[in-house]
Each structure stands twice: as structure tokens, then as C-alpha cells.
$ cat data-v4.json   # JSON, C-alpha atoms
[["chain", "number", "residue", "atom", "x", "y", "z"],
["A", 1, "MET", "CA", 0.00, 0.00, 0.00],
["A", 2, "GLU", "CA", 1.05, 3.56, -0.72],
["A", 3, "ARG", "CA", 2.67, 5.38, 2.24],
["A", 4, "ILE", "CA", 4.15, 8.79, 2.97],
["A", 5, "PRO", "CA", 7.74, 8.27, 4.23],
["A", 6, "ILE", "CA", 8.65, 9.44, 7.73],
["A", 7, "LEU", "CA", 12.37, 10.15, 8.34],
["A", 8, "LYS", "CA", 13.96, 10.17, 11.78],
["A", 9, "MET", "CA", 16.72, 12.67, 12.52],
["A", 10, "GLY", "CA", 17.84, 12.61, 16.13],
["A", 11, "GLU", "CA", 14.82, 13.45, 18.26],
["A", 12, "TYR", "CA", 12.90, 14.81, 15.25],
["A", 13, "LEU", "CA", 10.66, 13.23, 12.66],
["A", 14, "LEU", "CA", 10.58, 14.73, 9.18],
["A", 15, "VAL", "CA", 7.75, 14.31, 6.71],
["A", 16, "THR", "CA", 7.70, 15.77, 3.21],
["A", 17, "ILE", "CA", 4.34, 15.41, 1.52],
["A", 18, "GLN", "CA", 5.01, 15.28, -2.20],
["A", 19, "VAL", "CA", 1.87, 13.67, -3.57],
["A", 20, "ASP", "CA", -1.74, 14.78, -3.89],
["A", 21, "MET", "CA", -3.10, 12.69, -0.99],
["A", 22, "HIS", "CA", -6.42, 10.93, -1.09],
["A", 23, "ASP", "CA", -8.23, 10.76, 2.24],
["A", 24, "ARG", "CA", -7.15, 7.23, 3.15],
["A", 25, "LEU", "CA", -3.51, 8.11, 2.56],
["A", 26, "ALA", "CA", -3.89, 11.17, 4.80],
["A", 27, "MET", "CA", -5.41, 8.99, 7.53],
["A", 28, "SER", "CA", -2.61, 6.44, 7.28],
["A", 29, "LEU", "CA", -0.02, 9.23, 7.59],
["A", 30, "GLN", "CA", -1.74, 10.37, 10.77],
["A", 31, "ASP", "CA", -1.69, 6.82, 12.20],
["A", 32, "ASP", "CA", 1.91, 6.17, 11.12],
["A", 33, "LEU", "CA", 3.15, 9.44, 12.60],
["A", 34, "THR", "CA", 1.44, 8.82, 15.91],
["A", 35, "SER", "CA", 3.05, 5.37, 16.17],
["A", 36, "ARG", "CA", 6.47, 6.69, 15.13],
["A", 37, "ILE", "CA", 6.41, 9.50, 17.72],
["A", 38, "VAL", "CA", 6.16, 6.82, 20.39],
["A", 39, "SER", "CA", 8.52, 4.21, 18.89],
["A", 40, "ALA", "CA", 11.20, 6.80, 18.02],
["A", 41, "ARG", "CA", 10.69, 8.77, 21.26],
["A", 42, "ALA", "CA", 10.46, 11.86, 19.07],
["A", 43, "LYS", "CA", 10.28, 15.32, 20.61],
["A", 44, "GLY", "CA", 9.46, 17.19, 17.43],
["A", 45, "VAL", "CA", 7.67, 16.62, 14.11],
["A", 46, "LEU", "CA", 8.31, 18.74, 11.04],
["A", 47, "ILE", "CA", 5.83, 18.45, 8.16],
["A", 48, "ASP", "CA", 6.92, 20.05, 4.89],
["A", 49, "ILE", "CA", 3.96, 20.88, 2.63],
["A", 50, "SER", "CA", 5.80, 23.07, 0.10],
["A", 51, "ALA", "CA", 4.85, 20.64, -2.67],
["A", 52, "LEU", "CA", 1.12, 20.71, -1.82],
["A", 53, "GLU", "CA", -0.93, 22.67, -4.34],
["A", 54, "MET", "CA", -4.07, 22.49, -2.22],
["A", 55, "VAL", "CA", -5.12, 21.98, 1.38],
["A", 56, "ASP", "CA", -8.82, 21.36, 1.87],
["A", 57, "SER", "CA", -10.78, 20.93, 5.11],
["A", 58, "PHE", "CA", -9.94, 17.23, 5.37],
["A", 59, "ILE", "CA", -6.18, 17.73, 5.06],
["A", 60, "GLY", "CA", -6.37, 20.83, 7.26],
["A", 61, "ARG", "CA", -8.13, 18.83, 9.94],
["A", 62, "MET", "CA", -5.46, 16.14, 9.65],
["A", 63, "PHE", "CA", -2.76, 18.72, 10.50],
["A", 64, "GLY", "CA", -4.78, 19.83, 13.51],
["A", 65, "ASP", "CA", -5.26, 16.24, 14.66],
["A", 66, "ILE", "CA", -1.57, 15.41, 14.22],
["A", 67, "ALA", "CA", -0.61, 18.52, 16.21],
["A", 68, "ALA", "CA", -3.04, 17.61, 19.01],
["A", 69, "MET", "CA", -2.00, 13.96, 19.15],
["A", 70, "SER", "CA", 1.71, 14.78, 19.15],
["A", 71, "ARG", "CA", 1.15, 17.23, 22.02],
["A", 72, "VAL", "CA", -0.55, 14.52, 24.05],
["A", 73, "LEU", "CA", 2.44, 12.29, 23.29],
["A", 74, "ASP", "CA", 4.87, 14.96, 24.54],
["A", 75, "ALA", "CA", 6.05, 16.12, 21.11],
["A", 76, "GLU", "CA", 5.65, 19.36, 19.15],
["A", 77, "THR", "CA", 4.57, 19.62, 15.50],
["A", 78, "VAL", "CA", 5.40, 22.39, 13.04],
["A", 79, "VAL", "CA", 3.96, 22.58, 9.52],
["A", 80, "VAL", "CA", 6.27, 24.40, 7.09],
["A", 81, "GLY", "CA", 6.33, 25.68, 3.53],
["A", 82, "MET", "CA", 2.68, 26.46, 2.86],
["A", 83, "ARG", "CA", 2.30, 28.15, -0.52],
["A", 84, "PRO", "CA", 0.74, 31.64, -0.46],
["A", 85, "ALA", "CA", -2.17, 30.61, -2.74],
["A", 86, "VAL", "CA", -2.89, 27.69, -0.42],
["A", 87, "ALA", "CA", -2.88, 29.97, 2.65],
["A", 88, "ILE", "CA", -5.26, 32.47, 1.00],
["A", 89, "THR", "CA", -7.63, 29.69, -0.02],
["A", 90, "LEU", "CA", -7.53, 27.96, 3.35],
["A", 91, "VAL", "CA", -8.55, 31.12, 5.22],
["A", 92, "GLU", "CA", -11.35, 31.85, 2.74],
["A", 93, "LEU", "CA", -12.53, 28.27, 3.14],
["A", 94, "GLY", "CA", -12.95, 29.07, 6.84],
["A", 95, "LEU", "CA", -9.97, 27.20, 8.24],
["A", 96, "SER", "CA", -7.20, 29.01, 10.09],
["A", 97, "LEU", "CA", -5.56, 25.86, 11.48],
["A", 98, "PRO", "CA", -6.02, 26.62, 15.17],
["A", 99, "GLY", "CA", -3.52, 24.76, 17.32],
["A", 100, "VAL", "CA", -1.14, 24.13, 14.41],
["A", 101, "ARG", "CA", 2.25, 25.84, 14.56],
["A", 102, "THR", "CA", 3.55, 26.93, 11.18],
["A", 103, "ALA", "CA", 6.83, 28.30, 9.84],
["A", 104, "LEU", "CA", 7.86, 29.71, 6.48],
["A", 105, "ASN", "CA", 10.41, 27.04, 5.60],
["A", 106, "ILE", "CA", 12.25, 24.01, 6.97],
["A", 107, "GLU", "CA", 15.07, 26.07, 8.47],
["A", 108, "ARG", "CA", 12.71, 28.32, 10.43],
["A", 109, "GLY", "CA", 10.60, 25.33, 11.36],
["A", 110, "MET", "CA", 13.60, 23.55, 12.88],
["A", 111, "GLU", "CA", 14.51, 26.71, 14.78],
["A", 112, "LEU", "CA", 10.98, 26.91, 16.14],
["A", 113, "LEU", "CA", 11.01, 23.24, 17.16],
["A", 114, "ARG", "CA", 14.39, 23.57, 18.92],
["A", 115, "GLY", "CA", 13.10, 26.62, 20.77],
["A", 116, "LEU", "CA", 9.88, 24.89, 21.83],
["A", 117, "ILE", "CA", 11.62, 21.75, 22.99],
["A", 118, "GLY", "CA", 14.44, 23.69, 24.68],
["A", 119, "ALA", "CA", 11.97, 25.88, 26.58],
["A", 120, "ARG", "CA", 10.08, 22.81, 27.74],
["A", 121, "GLY", "CA", 13.34, 21.31, 29.07],
["A", 122, "LEU", "CA", 13.92, 24.45, 31.13],
["A", 123, "ASP", "CA", 10.39, 24.36, 32.54],
["A", 124, "ASP", "CA", 10.90, 20.76, 33.63],
["A", 125, "ALA", "CA", 14.16, 21.67, 35.34],
["A", 126, "GLY", "CA", 12.52, 24.63, 37.09],
["A", 127, "SER", "CA", 9.63, 22.64, 38.50],
["A", 128, "ALA", "CA", 11.78, 19.76, 39.67],
["B", 1, "MET", "CA", -24.53, 31.30, -23.32],
["B", 2, "LEU", "CA", -22.04, 29.11, -25.17],
["B", 3, "VAL", "CA", -20.76, 25.93, -23.62],
["B", 4, "PRO", "CA", -17.74, 24.91, -25.69],
["B", 5, "LEU", "CA", -16.33, 22.21, -23.47],
["B", 6, "SER", "CA", -17.82, 19.53, -21.29],
["B", 7, "GLU", "CA", -16.33, 16.57, -19.51],
["B", 8, "ASN", "CA", -17.81, 13.98, -17.15],
["B", 9, "ARG", "CA", -15.98, 12.31, -14.29],
["B", 10, "PRO", "CA", -17.06, 9.56, -11.92],
["B", 11, "ILE", "CA", -16.80, 10.07, -8.15],
["B", 12, "ALA", "CA", -16.85, 6.61, -6.63],
["B", 13, "THR", "CA", -13.59, 6.26, -4.67],
["B", 14, "PRO", "CA", -11.21, 8.50, -2.67],
["B", 15, "GLU", "CA", -8.81, 8.24, -5.63],
["B", 16, "ASP", "CA", -11.53, 9.73, -7.86],
["B", 17, "VAL", "CA", -11.59, 12.78, -5.58],
["B", 18, "VAL", "CA", -7.87, 13.28, -6.30],
["B", 19, "ALA", "CA", -8.50, 12.77, -10.04],
["B", 20, "VAL", "CA", -11.27, 15.40, -9.87],
["B", 21, "ARG", "CA", -8.86, 17.90, -8.28],
["B", 22, "GLN", "CA", -6.32, 17.26, -11.03],
["B", 23, "ALA", "CA", -8.88, 17.51, -13.85],
["B", 24, "VAL", "CA", -10.29, 20.79, -12.48],
["B", 25, "ARG", "CA", -6.77, 22.18, -12.04],
["B", 26, "GLN", "CA", -5.94, 21.33, -15.65],
["B", 27, "ARG", "CA", -9.08, 23.05, -17.00],
["B", 28, "ALA", "CA", -8.46, 26.11, -14.82],
["B", 29, "VAL", "CA", -4.90, 26.37, -16.14],
["B", 30, "GLU", "CA", -6.12, 26.01, -19.73],
["B", 31, "LEU", "CA", -8.65, 28.78, -19.15],
["B", 32, "GLY", "CA", -5.92, 31.09, -17.87],
["B", 33, "PHE", "CA", -6.99, 31.27, -14.20],
["B", 34, "ASN", "CA", -4.31, 32.80, -11.99],
["B", 35, "LEU", "CA", -2.72, 30.64, -9.31],
["B", 36, "VAL", "CA", -4.96, 31.82, -6.45],
["B", 37, "ASP", "CA", -8.14, 31.31, -8.50],
["B", 38, "GLN", "CA", -6.92, 27.86, -9.61],
["B", 39, "THR", "CA", -6.32, 26.93, -5.99],
["B", 40, "LYS", "CA", -9.74, 28.20, -4.93],
["B", 41, "ILE", "CA", -11.74, 26.27, -7.50],
["B", 42, "VAL", "CA", -9.66, 23.12, -7.01],
["B", 43, "THR", "CA", -10.22, 23.32, -3.25],
["B", 44, "ALA", "CA", -13.97, 23.91, -3.70],
["B", 45, "ALA", "CA", -14.07, 20.93, -6.09],
["B", 46, "SER", "CA", -12.29, 18.75, -3.54],
["B", 47, "GLU", "CA", -14.80, 19.64, -0.80],
["B", 48, "LEU", "CA", -17.80, 18.99, -3.05],
["B", 49, "ALA", "CA", -16.40, 15.78, -4.53],
["B", 50, "ARG", "CA", -15.83, 14.45, -1.02],
["B", 51, "ASN", "CA", -19.42, 15.33, -0.09],
["B", 52, "THR", "CA", -20.69, 13.54, -3.20],
["B", 53, "LEU", "CA", -18.72, 10.45, -2.17],
["B", 54, "GLN", "CA", -19.35, 10.50, 1.59],
["B", 55, "TYR", "CA", -22.92, 11.72, 1.85],
["B", 56, "GLY", "CA", -24.25, 10.99, -1.65],
["B", 57, "GLY", "CA", -22.74, 7.51, -1.88],
["B", 58, "GLY", "CA", -20.88, 8.51, -5.05],
["B", 59, "GLY", "CA", -21.95, 10.33, -8.17],
["B", 60, "THR", "CA", -20.55, 12.36, -11.04],
["B", 61, "LEU", "CA", -18.93, 15.68, -11.81],
["B", 62, "ARG", "CA", -19.51, 17.58, -15.03],
["B", 63, "ILE", "CA", -16.86, 20.17, -15.86],
["B", 64, "GLU", "CA", -17.94, 22.89, -18.30],
["B", 65, "GLU", "CA", -16.22, 25.90, -19.70],
["B", 66, "VAL", "CA", -18.64, 28.84, -19.78],
["B", 67, "ILE", "CA", -18.51, 31.97, -21.88],
["B", 68, "GLU", "CA", -20.82, 34.85, -21.08],
["B", 69, "GLY", "CA", -20.08, 37.99, -23.07],
["B", 70, "PRO", "CA", -16.48, 38.86, -22.33],
["B", 71, "ARG", "CA", -16.39, 36.58, -19.29],
["B", 72, "ARG", "CA", -14.93, 33.11, -19.19],
["B", 73, "GLY", "CA", -15.31, 30.70, -16.37],
["B", 74, "LEU", "CA", -15.53, 27.15, -15.17],
["B", 75, "ARG", "CA", -18.77, 25.52, -14.09],
["B", 76, "LEU", "CA", -18.74, 22.37, -11.99],
["B", 77, "VAL", "CA", -21.87, 20.28, -11.47],
["B", 78, "PHE", "CA", -21.76, 17.60, -8.77],
["B", 79, "GLU", "CA", -24.61, 15.14, -8.84],
["B", 80, "ASP", "CA", -25.54, 12.14, -6.75],
["B", 81, "ASN", "CA", -28.58, 9.93, -6.22],
["B", 82, "GLY", "CA", -28.00, 9.62, -2.51],
["B", 83, "PRO", "CA", -30.34, 10.28, 0.42],
["B", 84, "GLY", "CA", -30.49, 14.03, -0.26],
["B", 85, "ILE", "CA", -30.35, 16.80, 2.31],
["B", 86, "ALA", "CA", -33.39, 17.33, 4.52],
["B", 87, "ASN", "CA", -32.52, 20.88, 5.57],
["B", 88, "VAL", "CA", -30.35, 22.64, 3.00],
["B", 89, "GLU", "CA", -30.26, 25.88, 4.95],
["B", 90, "LEU", "CA", -28.85, 24.07, 7.98],
["B", 91, "ALA", "CA", -26.39, 22.08, 5.85],
["B", 92, "MET", "CA", -25.00, 25.38, 4.51],
["B", 93, "LYS", "CA", -24.06, 26.60, 7.99],
["B", 94, "ASP", "CA", -20.40, 26.71, 9.01],
["B", 95, "GLY", "CA", -19.61, 23.87, 11.36],
["B", 96, "TYR", "CA", -22.76, 21.88, 10.71],
["B", 97, "THR", "CA", -22.11, 18.26, 9.83],
["B", 98, "THR", "CA", -23.94, 14.95, 10.00],
["B", 99, "GLY", "CA", -20.64, 13.14, 9.51],
["B", 100, "ASN", "CA", -17.34, 13.55, 11.32],
["B", 101, "GLY", "CA", -15.93, 16.39, 9.24],
["B", 102, "LEU", "CA", -15.51, 20.03, 10.15],
["B", 103, "GLY", "CA", -18.75, 21.10, 8.50],
["B", 104, "LEU", "CA", -16.94, 23.46, 6.14],
["B", 105, "GLY", "CA", -17.52, 21.57, 2.88],
["B", 106, "LEU", "CA", -20.62, 23.29, 1.52],
["B", 107, "SER", "CA", -20.20, 26.68, 3.18],
["B", 108, "GLY", "CA", -16.49, 26.78, 2.36],
["B", 109, "ALA", "CA", -17.04, 25.76, -1.27],
["B", 110, "LYS", "CA", -19.62, 28.54, -1.57],
["B", 111, "ARG", "CA", -17.14, 31.12, -0.27],
["B", 112, "LEU", "CA", -14.56, 29.91, -2.79],
["B", 113, "SER", "CA", -16.95, 30.19, -5.74],
["B", 114, "SER", "CA", -18.37, 33.12, -7.72],
["B", 115, "GLU", "CA", -21.77, 31.43, -8.01],
["B", 116, "PHE", "CA", -23.24, 28.58, -5.98],
["B", 117, "GLU", "CA", -26.47, 26.66, -6.27],
["B", 118, "ILE", "CA", -27.70, 23.60, -4.44],
["B", 119, "GLN", "CA", -30.74, 21.49, -5.21],
["B", 120, "SER", "CA", -31.62, 18.61, -2.96],
["B", 121, "ARG", "CA", -34.62, 16.63, -1.85],
["B", 122, "PRO", "CA", -34.76, 13.80, 0.65],
["B", 123, "GLY", "CA", -34.64, 10.51, -1.24],
["B", 124, "GLU", "CA", -33.84, 12.14, -4.57],
["B", 125, "GLY", "CA", -30.18, 13.06, -4.34],
["B", 126, "THR", "CA", -28.30, 16.30, -4.48],
["B", 127, "ARG", "CA", -26.97, 18.57, -7.19],
["B", 128, "VAL", "CA", -24.46, 21.31, -6.42],
["B", 129, "THR", "CA", -23.44, 23.72, -9.16],
["B", 130, "ILE", "CA", -20.61, 26.22, -8.82],
["B", 131, "VAL", "CA", -19.12, 28.74, -11.22],
["B", 132, "ARG", "CA", -15.85, 30.54, -10.84],
["B", 133, "TRP", "CA", -15.20, 33.35, -13.31],
["B", 134, "ARG", "CA", -11.68, 34.04, -14.42]]
$ encode --input "data-v4.json" --output "C-alpha cells"
Amino acid sequence: MERIPILKMGEYLLVTIQVDMHDRLAMSLQDDLTSRIVSARAKGVLIDISALEMVDSFIGRMFGDIAAMSRVLDAETVVVGMRPAVAITLVELGLSLPGVRTALNIERGMELLRGLIGARGLDDAGSA
Amino acid sequence: MLVPLSENRPIATPEDVVAVRQAVRQRAVELGFNLVDQTKIVTAASELARNTLQYGGGGTLRIEEVIEGPRRGLRLVFEDNGPGIANVELAMKDGYTTGNGLGLGLSGAKRLSSEFEIQSRPGEGTRVTIVRWR
């Protein structure tokens, strides 16, 4: 069966979506990512959507669900590389991706993830 | 009104929804839609094709190029013979869903279109027509 590859890099998981996903494929990515966060003990997930020409309500909801599930599993998710036309359309559709952190590109996304995870480490140390 | 081009597509599987997006994108490019307008009509088509599949039990899409005076546009007609919609007004509301979606399909597709029309009767299926002018 068709799958979106998930790459592990240290404590991060990287996903680059390069195909026009049908709904079942989007659901399997969500399931696979959730399992991999646990099995890889990942602290951060970076999803690159720079190749996506369209994000509709189903795919938008998937990003929200992935972000929520990763948070429950003690990991942070950042979605990067959204095309301007996709962003304009998504907002007009009525979806502003609440709860989903975004960054302009992979570099900024990694910076954001490092900052989020670093800050959480400090909080843990402070409350100990 | 001239209708120079017409194409029919089945909507029976999730893969068909992807094929619909690609077919609509191709027509929009051929008609000279800019990138934002392409993205809007493709996204509207994706929402409506999914509705046809999920709530209508499958159906068809007709893609038509429309010319009205100096205007050119794309008309998409989604048709199914499913259970129909009992309360269209309610179904058009943001956040209303009888499934497990976000309830943005119909209302969102309307916002992304220049013209929007829905005809539905319980037991007789649903037809949604949208036009996006270039």
C-alpha cells in the first residue's frame, strides 16, 4: 500500500508530503506518525507541505489532529512551507488551522522546534 | 450562453476525488486562471467531490467551460442519487455536519466560488453547481 515516508533525525521526525493525498492516505499518515512518535521517542515533528498545491478541510483537519496527538504524546509539531495561494484559499474556506504551529520554511521550522523543545526542558528543570 | 467544453468524471472512490482535483486544475490552467483562482476552484471541487462520495454515496462531476459575453469561467456540477439533504439551509451553515468532518464543505465551497447553487430533496439526491469566473 502507498505510504508517505517518515524520516527520523535525532529526536525529530521529518515528513515531506510530495503527492496529492487521497483521504485514506492522509489517515494512514496520521496513524503512522502517531506510532512513530512513540517508537522513536520523538520530541518534534516537522511536516513540509511546500509541494502541496491544495489543502482542503480534510487535510487541514489532519494537520490539527496530528498537532493535538503529538502534544498529548509529549512532542511538538510544526507545519512548514505552505504556498501563499494555499494559505489564502484555506482562510477563505474558513480554516485558520487553530492549534497548528507553522513556519515559512524548513530552516525556520527547525529553529521553532528547537526553541519549543528547549523551553520545555527548562520548565521541567525549574519545576523539579 | 455558449458551452464549448464539457467533460464527465465519476466520483466513486477516494482516488476519484484526487482525479477530480487534477482535472479541475488542468481546466483552470487552460482557461488562464491565476494561481490563487486555480487553488480556490480546485479546493472547492475537492470539498464537493468528497461530499458527493461520503454523503451521496458517489456520483458524477460535469466540468464545463462557460462563456458569457467577455467573461470566461468554469462551471462544476456535482450530482448524486443519494439520500439528499433534509434541511439545505442548515447544511449550509459553518460547522454543521452529520458526519465527522468540520462542517466546512458546503459553506467553504460557496465562499470559494463566484456562483453557488444547491438542489436537494430527501430521497432524490443532491446537485451542487458552482461557477468561478476568471
$ atom_distance --input "data-v4.json" --atom1 "CA of Gly115 (chain A)" --atom2 "CA of Leu33 (chain A)"
21.5 Å
$ closest_atom_pairs --input "data-v4.json" --of "chain A" --to "chain B" --cutoff "12 Å" --atoms "only C-alpha atoms" --output "CSV"
residue,atom,partner,partner_atom,distance
A:Glu2,CA,B:Glu15,CA,12.0
A:Val19,CA,B:Val18,CA,10.1
A:Asp20,CA,B:Val18,CA,6.8
A:Met21,CA,B:Val18,CA,7.2
A:His22,CA,B:Pro14,CA,5.6
A:Asp23,CA,B:Pro14,CA,6.2
A:Arg24,CA,B:Pro14,CA,7.2
A:Leu25,CA,B:Pro14,CA,9.3
A:Ala26,CA,B:Pro14,CA,10.8
A:Met27,CA,B:Pro14,CA,11.7
A:Leu52,CA,B:Thr39,CA,10.6
A:Glu53,CA,B:Thr39,CA,7.1
A:Met54,CA,B:Thr39,CA,6.2
A:Val55,CA,B:Thr43,CA,7.0
A:Asp56,CA,B:Thr43,CA,5.7
A:Ser57,CA,B:Leu104,CA,6.7
A:Phe58,CA,B:Gly101,CA,7.2
A:Ile59,CA,B:Glu47,CA,10.6
A:Gly60,CA,B:Leu102,CA,9.6
A:Arg61,CA,B:Leu102,CA,7.5
A:Met62,CA,B:Gly101,CA,10.5
A:Gly64,CA,B:Leu102,CA,11.2
A:Asp65,CA,B:Leu102,CA,11.8
A:Arg83,CA,B:Val36,CA,10.1
A:Pro84,CA,B:Val36,CA,8.3
A:Ala85,CA,B:Val36,CA,4.8
A:Val86,CA,B:Thr39,CA,6.6
A:Ala87,CA,B:Val36,CA,9.5
A:Ile88,CA,B:Val36,CA,7.5
A:Thr89,CA,B:Lys40,CA,5.5
A:Leu90,CA,B:Thr43,CA,8.5
A:Val91,CA,B:Gly108,CA,9.5
A:Glu92,CA,B:Arg111,CA,6.6
A:Leu93,CA,B:Gly108,CA,4.3
A:Gly94,CA,B:Gly108,CA,6.2
A:Leu95,CA,B:Leu104,CA,8.2
A:Ser96,CA,B:Leu104,CA,11.9
A:Leu97,CA,B:Leu102,CA,11.6
$ atom_distance --input "data-v4.json" --atom1 "CA of Leu14 (chain A)" --atom2 "CA of Leu46 (chain A)"
5.0 Å
$ closest_residue --input "data-v4.json" --among "A:Val15, A:Val78, A:Met9, A:Ala40" --to "Glu111 (chain A)" --atoms "only C-alpha atoms"
A:Val78
$ residues_around --input "data-v4.json" --residues "Gly58 (chain B)" --least-positions-apart "3" --cutoff "6 Å" --atoms "all atoms listed in the file" --output "PyMOL selection string"
chain B and resi 11-12+52-53
$ atom_distance --input "data-v4.json" --atom1 "CA of Val131 (chain B)" --atom2 "CA of Val66 (chain B)"
8.6 Å
